[in-house]
Amino acid sequence: MRKLMNFIRGMVVLRVTGLFPERFINLCAQENIDFWAMEWLDEHTARFTTRRRTLGRLEELAERAGCVTEREASRGLPDFLGRFRTRYAFLAGLAFALCAVSVLSRFVLSIQVTGNETVPAAVILTCLRQLGVRPGVYGPSLDLSQLAQEALVELDSLSWMGLNLHGTRLEVIVREEIKTPERLEELGYFDIVAQADGVVTHVEAEQGDAVVAEGDVVAKGDVLIAGTVTMEPPKYSDMPNRYYQTHARGRVWARTWRVLTAAIPLETRVKNYTGAEKNVWSVNIFGQRVKIFGNTSISWPMYDKMTTVRQAELPGGGALPLSLSRETFREYFARTVEVDRTAAQSLLEEELEKQLKALIGEDGQVEDTRFSAKISGGRLEVTLTAQCLEEIGEEQPGTWELPENP
């Protein structure tokens, strides 16, 4: 620690010459002037190291002792800075750098969003930008608590938000809203009807009367579980049946046959690039785009535009509000080519299988599939015929009028 302090204050190596250098050494000791690394060169000459700030006092003591002092060397921070006294450009650059660091450290350079899972960070950043929070804004001018409350009013999917300013980095911490489970509505009169033709394989009636059994053939729209419940009178009683209506619930499984069709043209237009290309370079600083090379005036009738962005980052990985963009324009002309029929058919078959899976649901099973293809009107048509085992019941408001109970 003492060596560091001596380096900051500056050190000087002095040579003292006189008839009685010992008297000079004694005067230094009486004045409590520190010195070290003393070395006798001869009986009238001594060399030692002392602090820079004691030079004036040492010269006075040397004069009283009849000695002469000579500076041999000096080192430390004052001597290092003294080398740049005549380098005005360096001093101006240093002053500018210090001012830039002290000023720019007060501005927000990057914004980080944490805690979001389903709400995209881009949506949160867009909302904050509309409220004036963006890279380049003066940090101390932000009322973080008020901004968080205003953002929550705009973003219904968030339940809490906190803004923390860490130097040039603004941290946005959010908590998403926990959705209330959908309430199961028991009121109303509903039937379970078939959404597809099929042969019933299994019936689970939780509420309501099942009107079909295993092995029955049903058509789309037929009632499977009725919301009108019949209450039969006691045996050997002459009382009539009574009825009441409810919200039918249950599951009905059936074997179905699905037929799906998809088509694709046998000819398509593709791009042929001519080789003509143009680049436009620009810099984005704090959200402002500044063009630095090229122009976007394009005379080609058809062209593609591709943009490449290189984002400046801090050593720790944080993004800076500075990016370099390159827009590349490439000319092309369109020509018609014939589609590979085998590849086109494979593509359509994959799409039909995806449609079938979405149609029967996750619980449905595909027992058998058959594909057929034909060409009609310059188009390739592929038909999928599938035998499936799926749940076909869906709720629909009932339409049967309840008879009057006697």
# chains A, B, ... in the order shown; residues from 1 in each chain; ligands from 1

call {"tool": "residues_around", "arguments": {"residues": "stretch 155-167 of chain A", "least_positions_apart": "6", "cutoff": "6 Å", "atoms": "only C-alpha atoms", "output": "list in words"}}
result
Leu144, Ala148, Ile173, Val174, Arg175, Glu176 and Glu177 of chain A

call {"tool": "residues_around", "arguments": {"residues": "stretch 247-258 of chain A", "least_positions_apart": "5", "cutoff": "8 Å", "atoms": "only C-alpha atoms", "output": "PDB file with N, CA, C and O atoms, in the first residue's frame"}}
result
ATOM      1  N   GLU A 186     -73.140 -25.259 -15.961  1.00  0.00           N
ATOM      2  CA  GLU A 186     -74.073 -26.372 -15.879  1.00  0.00           C
ATOM      3  C   GLU A 186     -75.482 -25.978 -16.306  1.00  0.00           C
ATOM      4  O   GLU A 186     -76.354 -26.827 -16.436  1.00  0.00           O
ATOM      5  N   LEU A 187     -75.733 -24.696 -16.456  1.00  0.00           N
ATOM      6  CA  LEU A 187     -77.083 -24.264 -16.808  1.00  0.00           C
ATOM      7  C   LEU A 187     -77.328 -24.466 -18.288  1.00  0.00           C
ATOM      8  O   LEU A 187     -76.412 -24.551 -19.104  1.00  0.00           O
ATOM      9  N   GLY A 188     -78.595 -24.521 -18.663  1.00  0.00           N
ATOM     10  CA  GLY A 188     -78.945 -24.639 -20.071  1.00  0.00           C
ATOM     11  C   GLY A 188     -79.285 -26.066 -20.462  1.00  0.00           C
ATOM     12  O   GLY A 188     -79.016 -27.028 -19.748  1.00  0.00           O
ATOM     13  N   TYR A 189     -79.884 -26.199 -21.632  1.00  0.00           N
ATOM     14  CA  TYR A 189     -80.316 -27.491 -22.161  1.00  0.00           C
ATOM     15  C   TYR A 189     -79.477 -27.804 -23.386  1.00  0.00           C
ATOM     16  O   TYR A 189     -79.536 -27.103 -24.385  1.00  0.00           O
ATOM     17  N   PHE A 190     -78.662 -28.849 -23.286  1.00  0.00           N
ATOM     18  CA  PHE A 190     -77.756 -29.225 -24.360  1.00  0.00           C
ATOM     19  C   PHE A 190     -77.859 -30.725 -24.623  1.00  0.00           C
ATOM     20  O   PHE A 190     -78.081 -31.517 -23.697  1.00  0.00           O
ATOM     21  N   ASP A 191     -77.691 -31.080 -25.910  1.00  0.00           N
ATOM     22  CA  ASP A 191     -77.585 -32.476 -26.334  1.00  0.00           C
ATOM     23  C   ASP A 191     -76.158 -32.758 -26.802  1.00  0.00           C
ATOM     24  O   ASP A 191     -75.435 -31.843 -27.221  1.00  0.00           O
ATOM     25  N   ILE A 192     -75.769 -34.019 -26.753  1.00  0.00           N
ATOM     26  CA  ILE A 192     -74.521 -34.470 -27.371  1.00  0.00           C
ATOM     27  C   ILE A 192     -74.894 -35.074 -28.717  1.00  0.00           C
ATOM     28  O   ILE A 192     -75.625 -36.077 -28.774  1.00  0.00           O
ATOM     29  N   ALA A 196     -69.800 -36.517 -36.989  1.00  0.00           N
ATOM     30  CA  ALA A 196     -69.388 -37.258 -38.184  1.00  0.00           C
ATOM     31  C   ALA A 196     -70.179 -38.562 -38.249  1.00  0.00           C
ATOM     32  O   ALA A 196     -70.722 -39.038 -37.237  1.00  0.00           O
ATOM     33  N   ASP A 197     -70.282 -39.132 -39.452  1.00  0.00           N
ATOM     34  CA  ASP A 197     -70.932 -40.445 -39.612  1.00  0.00           C
ATOM     35  C   ASP A 197     -70.020 -41.522 -39.042  1.00  0.00           C
ATOM     36  O   ASP A 197     -68.790 -41.408 -39.070  1.00  0.00           O
ATOM     37  N   GLY A 198     -70.630 -42.607 -38.526  1.00  0.00           N
ATOM     38  CA  GLY A 198     -69.823 -43.697 -38.013  1.00  0.00           C
ATOM     39  C   GLY A 198     -70.643 -44.777 -37.355  1.00  0.00           C
ATOM     40  O   GLY A 198     -71.884 -44.716 -37.307  1.00  0.00           O
ATOM     41  N   VAL A 199     -69.923 -45.774 -36.832  1.00  0.00           N
ATOM     42  CA  VAL A 199     -70.529 -46.891 -36.102  1.00  0.00           C
ATOM     43  C   VAL A 199     -70.081 -46.786 -34.657  1.00  0.00           C
ATOM     44  O   VAL A 199     -68.869 -46.769 -34.365  1.00  0.00           O
ATOM     45  N   VAL A 200     -71.034 -46.686 -33.741  1.00  0.00           N
ATOM     46  CA  VAL A 200     -70.732 -46.473 -32.325  1.00  0.00           C
ATOM     47  C   VAL A 200     -70.020 -47.690 -31.762  1.00  0.00           C
ATOM     48  O   VAL A 200     -70.448 -48.834 -31.954  1.00  0.00           O
ATOM     49  N   THR A 201     -68.913 -47.430 -31.048  1.00  0.00           N
ATOM     50  CA  THR A 201     -68.160 -48.516 -30.416  1.00  0.00           C
ATOM     51  C   THR A 201     -68.211 -48.456 -28.897  1.00  0.00           C
ATOM     52  O   THR A 201     -68.016 -49.461 -28.223  1.00  0.00           O
ATOM     53  N   HIS A 202     -68.460 -47.259 -28.341  1.00  0.00           N
ATOM     54  CA  HIS A 202     -68.471 -47.142 -26.884  1.00  0.00           C
ATOM     55  C   HIS A 202     -69.216 -45.874 -26.503  1.00  0.00           C
ATOM     56  O   HIS A 202     -69.065 -44.837 -27.156  1.00  0.00           O
ATOM     57  N   VAL A 203     -70.034 -45.940 -25.421  1.00  0.00           N
ATOM     58  CA  VAL A 203     -70.809 -44.791 -24.954  1.00  0.00           C
ATOM     59  C   VAL A 203     -70.554 -44.616 -23.464  1.00  0.00           C
ATOM     60  O   VAL A 203     -70.661 -45.565 -22.683  1.00  0.00           O
ATOM     61  N   GLU A 204     -70.195 -43.365 -23.083  1.00  0.00           N
ATOM     62  CA  GLU A 204     -70.050 -43.010 -21.673  1.00  0.00           C
ATOM     63  C   GLU A 204     -70.953 -41.807 -21.404  1.00  0.00           C
ATOM     64  O   GLU A 204     -70.590 -40.671 -21.687  1.00  0.00           O
ATOM     65  N   ALA A 205     -72.136 -42.052 -20.877  1.00  0.00           N
ATOM     66  CA  ALA A 205     -73.098 -40.981 -20.599  1.00  0.00           C
ATOM     67  C   ALA A 205     -72.942 -40.560 -19.146  1.00  0.00           C
ATOM     68  O   ALA A 205     -73.290 -41.303 -18.228  1.00  0.00           O
ATOM     69  N   GLU A 206     -72.388 -39.350 -18.912  1.00  0.00           N
ATOM     70  CA  GLU A 206     -72.196 -38.853 -17.557  1.00  0.00           C
ATOM     71  C   GLU A 206     -73.449 -38.137 -17.054  1.00  0.00           C
ATOM     72  O   GLU A 206     -73.769 -38.206 -15.868  1.00  0.00           O
ATOM     73  N   GLN A 207     -74.130 -37.454 -17.962  1.00  0.00           N
ATOM     74  CA  GLN A 207     -75.331 -36.720 -17.584  1.00  0.00           C
ATOM     75  C   GLN A 207     -76.247 -36.682 -18.799  1.00  0.00           C
ATOM     76  O   GLN A 207     -75.825 -36.330 -19.894  1.00  0.00           O
ATOM     77  N   GLY A 208     -77.515 -37.053 -18.597  1.00  0.00           N
ATOM     78  CA  GLY A 208     -78.447 -37.156 -19.713  1.00  0.00           C
ATOM     79  C   GLY A 208     -78.733 -38.609 -20.050  1.00  0.00           C
ATOM     80  O   GLY A 208     -78.200 -39.539 -19.430  1.00  0.00           O
ATOM     81  N   ASP A 209     -79.579 -38.827 -21.058  1.00  0.00           N
ATOM     82  CA  ASP A 209     -79.971 -40.182 -21.474  1.00  0.00           C
ATOM     83  C   ASP A 209     -79.260 -40.552 -22.765  1.00  0.00           C
ATOM     84  O   ASP A 209     -79.319 -39.808 -23.760  1.00  0.00           O
ATOM     85  N   LEU A 224     -76.826 -38.242 -29.723  1.00  0.00           N
ATOM     86  CA  LEU A 224     -76.199 -39.412 -29.100  1.00  0.00           C
ATOM     87  C   LEU A 224     -76.572 -39.510 -27.626  1.00  0.00           C
ATOM     88  O   LEU A 224     -76.887 -40.588 -27.142  1.00  0.00           O
ATOM     89  N   ILE A 225     -76.490 -38.396 -26.934  1.00  0.00           N
ATOM     90  CA  ILE A 225     -76.903 -38.344 -25.532  1.00  0.00           C
ATOM     91  C   ILE A 225     -77.871 -37.178 -25.406  1.00  0.00           C
ATOM     92  O   ILE A 225     -77.503 -36.023 -25.653  1.00  0.00           O
ATOM     93  N   ALA A 226     -79.106 -37.473 -25.036  1.00  0.00           N
ATOM     94  CA  ALA A 226     -80.151 -36.456 -24.998  1.00  0.00           C
ATOM     95  C   ALA A 226     -80.100 -35.690 -23.692  1.00  0.00           C
ATOM     96  O   ALA A 226     -79.859 -36.270 -22.616  1.00  0.00           O
ATOM     97  N   GLY A 227     -80.335 -34.391 -23.778  1.00  0.00           N
ATOM     98  CA  GLY A 227     -80.419 -33.573 -22.583  1.00  0.00           C
ATOM     99  C   GLY A 227     -81.779 -33.634 -21.928  1.00  0.00           C
ATOM    100  O   GLY A 227     -81.956 -33.117 -20.824  1.00  0.00           O
ATOM    101  N   LEU A 356     -55.671 -34.868 -40.987  1.00  0.00           N
ATOM    102  CA  LEU A 356     -56.421 -35.964 -40.368  1.00  0.00           C
ATOM    103  C   LEU A 356     -56.142 -36.037 -38.869  1.00  0.00           C
ATOM    104  O   LEU A 356     -57.066 -36.217 -38.064  1.00  0.00           O
ATOM    105  N   LEU A 384     -57.214 -38.853 -49.538  1.00  0.00           N
ATOM    106  CA  LEU A 384     -56.916 -39.740 -48.415  1.00  0.00           C
ATOM    107  C   LEU A 384     -58.224 -40.313 -47.884  1.00  0.00           C
ATOM    108  O   LEU A 384     -59.148 -39.576 -47.542  1.00  0.00           O
ATOM    109  N   THR A 385     -58.297 -41.637 -47.834  1.00  0.00           N
ATOM    110  CA  THR A 385     -59.428 -42.339 -47.218  1.00  0.00           C
ATOM    111  C   THR A 385     -58.890 -43.070 -46.004  1.00  0.00           C
ATOM    112  O   THR A 385     -57.990 -43.908 -46.122  1.00  0.00           O
ATOM    113  N   ALA A 386     -59.428 -42.736 -44.825  1.00  0.00           N
ATOM    114  CA  ALA A 386     -58.893 -43.284 -43.582  1.00  0.00           C
ATOM    115  C   ALA A 386     -60.010 -43.854 -42.733  1.00  0.00           C
ATOM    116  O   ALA A 386     -61.111 -43.292 -42.660  1.00  0.00           O
ATOM    117  N   GLN A 387     -59.715 -44.988 -42.107  1.00  0.00           N
ATOM    118  CA  GLN A 387     -60.615 -45.572 -41.120  1.00  0.00           C
ATOM    119  C   GLN A 387     -60.068 -45.216 -39.742  1.00  0.00           C
ATOM    120  O   GLN A 387     -58.914 -45.511 -39.436  1.00  0.00           O
ATOM    121  N   CYS A 388     -60.907 -44.589 -38.928  1.00  0.00           N
ATOM    122  CA  CYS A 388     -60.434 -44.053 -37.657  1.00  0.00           C
ATOM    123  C   CYS A 388     -61.331 -44.508 -36.521  1.00  0.00           C
ATOM    124  O   CYS A 388     -62.487 -44.892 -36.720  1.00  0.00           O
ATOM    125  N   LEU A 389     -60.774 -44.430 -35.327  1.00  0.00           N
ATOM    126  CA  LEU A 389     -61.518 -44.637 -34.099  1.00  0.00           C
ATOM    127  C   LEU A 389     -61.392 -43.350 -33.304  1.00  0.00           C
ATOM    128  O   LEU A 389     -60.301 -43.001 -32.852  1.00  0.00           O
ATOM    129  N   GLU A 390     -62.517 -42.624 -33.140  1.00  0.00           N
ATOM    130  CA  GLU A 390     -62.441 -41.294 -32.553  1.00  0.00           C
ATOM    131  C   GLU A 390     -63.705 -40.983 -31.772  1.00  0.00           C
ATOM    132  O   GLU A 390     -64.731 -41.666 -31.888  1.00  0.00           O
ATOM    133  N   GLU A 391     -63.614 -39.940 -30.961  1.00  0.00           N
ATOM    134  CA  GLU A 391     -64.775 -39.450 -30.237  1.00  0.00           C
ATOM    135  C   GLU A 391     -65.533 -38.483 -31.146  1.00  0.00           C
ATOM    136  O   GLU A 391     -64.955 -37.513 -31.648  1.00  0.00           O
ATOM    137  N   ILE A 392     -66.808 -38.746 -31.362  1.00  0.00           N
ATOM    138  CA  ILE A 392     -67.567 -37.958 -32.331  1.00  0.00           C
ATOM    139  C   ILE A 392     -68.609 -37.066 -31.684  1.00  0.00           C
ATOM    140  O   ILE A 392     -69.299 -36.325 -32.373  1.00  0.00           O
ATOM    141  N   GLY A 393     -68.762 -37.107 -30.376  1.00  0.00           N
ATOM    142  CA  GLY A 393     -69.798 -36.306 -29.718  1.00  0.00           C
ATOM    143  C   GLY A 393     -69.373 -34.869 -29.517  1.00  0.00           C
ATOM    144  O   GLY A 393     -68.219 -34.577 -29.219  1.00  0.00           O
ATOM    145  N   GLU A 395     -71.232 -30.935 -28.008  1.00  0.00           N
ATOM    146  CA  GLU A 395     -72.389 -30.317 -27.379  1.00  0.00           C
ATOM    147  C   GLU A 395     -73.061 -29.326 -28.320  1.00  0.00           C
ATOM    148  O   GLU A 395     -72.391 -28.552 -29.000  1.00  0.00           O
TER     149      GLU A 395
END

call {"tool": "residues_around", "arguments": {"residues": "A:Gly66", "least_positions_apart": "4", "cutoff": "10 Å", "atoms": "only C-alpha atoms", "output": "PyMOL selection string"}}
result
chain A and resi 17-21+23-24+61-62

call {"tool": "select_by_dssp", "arguments": {"residues": "stretch 69-291 of chain A", "states": "alpha helix (DSSP H)", "output": "number ranges by chain"}}
result
A: 77-82, 88-104, 121-130, 144-154

call {"tool": "select_by_dssp", "arguments": {"residues": "stretch 140-198 of chain A", "states": "strand (DSSP E)", "output": "JSON, numbers by chain"}}
result
{"A": [158, 159, 160, 161, 162, 163, 164, 165, 166, 169, 170, 171, 172, 173, 174, 175, 176, 190, 191, 192, 193, 194, 198]}

call {"tool": "atom_distance", "arguments": {"atom1": "atom CA of A:Ala276", "atom2": "atom CA of A:Thr308"}}
result
18.2 Å

call {"tool": "residues_around", "arguments": {"residues": "A:Asp304", "least_positions_apart": "2", "cutoff": "12 Å", "atoms": "only C-alpha atoms", "output": "VMD selection string"}}
result
chain A and resid 271 to 279 298 300 to 302 306 to 307 327 to 334

call {"tool": "write_last_selection", "arguments": {"atoms": "N, CA and C atoms", "output": "compact mmCIF listing (two decimals), in the first residue's frame"}}
result
# COMPACT_ATOMS: atom_id res chain seq x y z
N LYS A 271 -37.73 -18.39 -59.46
CA LYS A 271 -36.89 -17.22 -59.67
C LYS A 271 -35.55 -17.62 -60.29
N ASN A 272 -35.13 -16.86 -61.28
CA ASN A 272 -33.79 -16.98 -61.87
C ASN A 272 -33.06 -15.65 -61.65
N TYR A 273 -31.99 -15.71 -60.87
CA TYR A 273 -31.25 -14.49 -60.56
C TYR A 273 -30.30 -14.14 -61.71
N THR A 274 -30.26 -12.85 -62.06
CA THR A 274 -29.45 -12.40 -63.18
C THR A 274 -28.00 -12.12 -62.77
N GLY A 275 -27.73 -12.01 -61.49
CA GLY A 275 -26.40 -11.65 -61.01
C GLY A 275 -26.26 -10.19 -60.66
N ALA A 276 -27.19 -9.35 -61.10
CA ALA A 276 -27.15 -7.93 -60.74
C ALA A 276 -27.50 -7.78 -59.26
N GLU A 277 -26.71 -7.00 -58.56
CA GLU A 277 -26.86 -6.88 -57.11
C GLU A 277 -26.48 -5.48 -56.66
N LYS A 278 -27.15 -4.99 -55.63
CA LYS A 278 -26.87 -3.67 -55.08
C LYS A 278 -26.95 -3.75 -53.56
N ASN A 279 -25.99 -3.09 -52.88
CA ASN A 279 -25.92 -3.09 -51.42
C ASN A 279 -26.12 -1.68 -50.89
N ILE A 298 -34.24 1.54 -57.02
CA ILE A 298 -34.11 0.30 -57.79
C ILE A 298 -34.95 0.43 -59.05
N TRP A 300 -35.08 -2.21 -61.32
CA TRP A 300 -35.42 -3.55 -61.78
C TRP A 300 -36.91 -3.83 -61.56
N PRO A 301 -37.56 -4.54 -62.46
CA PRO A 301 -38.99 -4.85 -62.27
C PRO A 301 -39.22 -5.85 -61.15
N MET A 302 -38.31 -6.81 -60.99
CA MET A 302 -38.46 -7.84 -59.94
C MET A 302 -37.12 -8.01 -59.24
N MET A 306 -32.79 -8.57 -49.06
CA MET A 306 -32.32 -9.30 -47.89
C MET A 306 -31.57 -8.33 -46.99
N THR A 307 -31.88 -8.38 -45.70
CA THR A 307 -31.29 -7.47 -44.73
C THR A 307 -30.47 -8.25 -43.72
N GLU A 327 -28.48 -3.92 -46.60
CA GLU A 327 -29.62 -4.33 -47.42
C GLU A 327 -29.10 -4.72 -48.80
N THR A 328 -29.37 -5.95 -49.18
CA THR A 328 -28.91 -6.47 -50.47
C THR A 328 -30.11 -6.65 -51.39
N PHE A 329 -30.05 -6.04 -52.57
CA PHE A 329 -31.10 -6.17 -53.58
C PHE A 329 -30.55 -7.01 -54.73
N ARG A 330 -31.29 -8.08 -55.09
CA ARG A 330 -30.85 -8.98 -56.15
C ARG A 330 -31.94 -9.09 -57.22
N GLU A 331 -31.58 -8.83 -58.45
CA GLU A 331 -32.55 -8.86 -59.56
C GLU A 331 -32.79 -10.30 -60.00
N TYR A 332 -34.03 -10.59 -60.40
CA TYR A 332 -34.36 -11.92 -60.92
C TYR A 332 -35.49 -11.78 -61.94
N PHE A 333 -35.67 -12.82 -62.73
CA PHE A 333 -36.83 -12.92 -63.61
C PHE A 333 -37.50 -14.26 -63.35
N ALA A 334 -38.81 -14.32 -63.57
CA ALA A 334 -39.59 -15.52 -63.27
C ALA A 334 -39.77 -16.36 -64.52
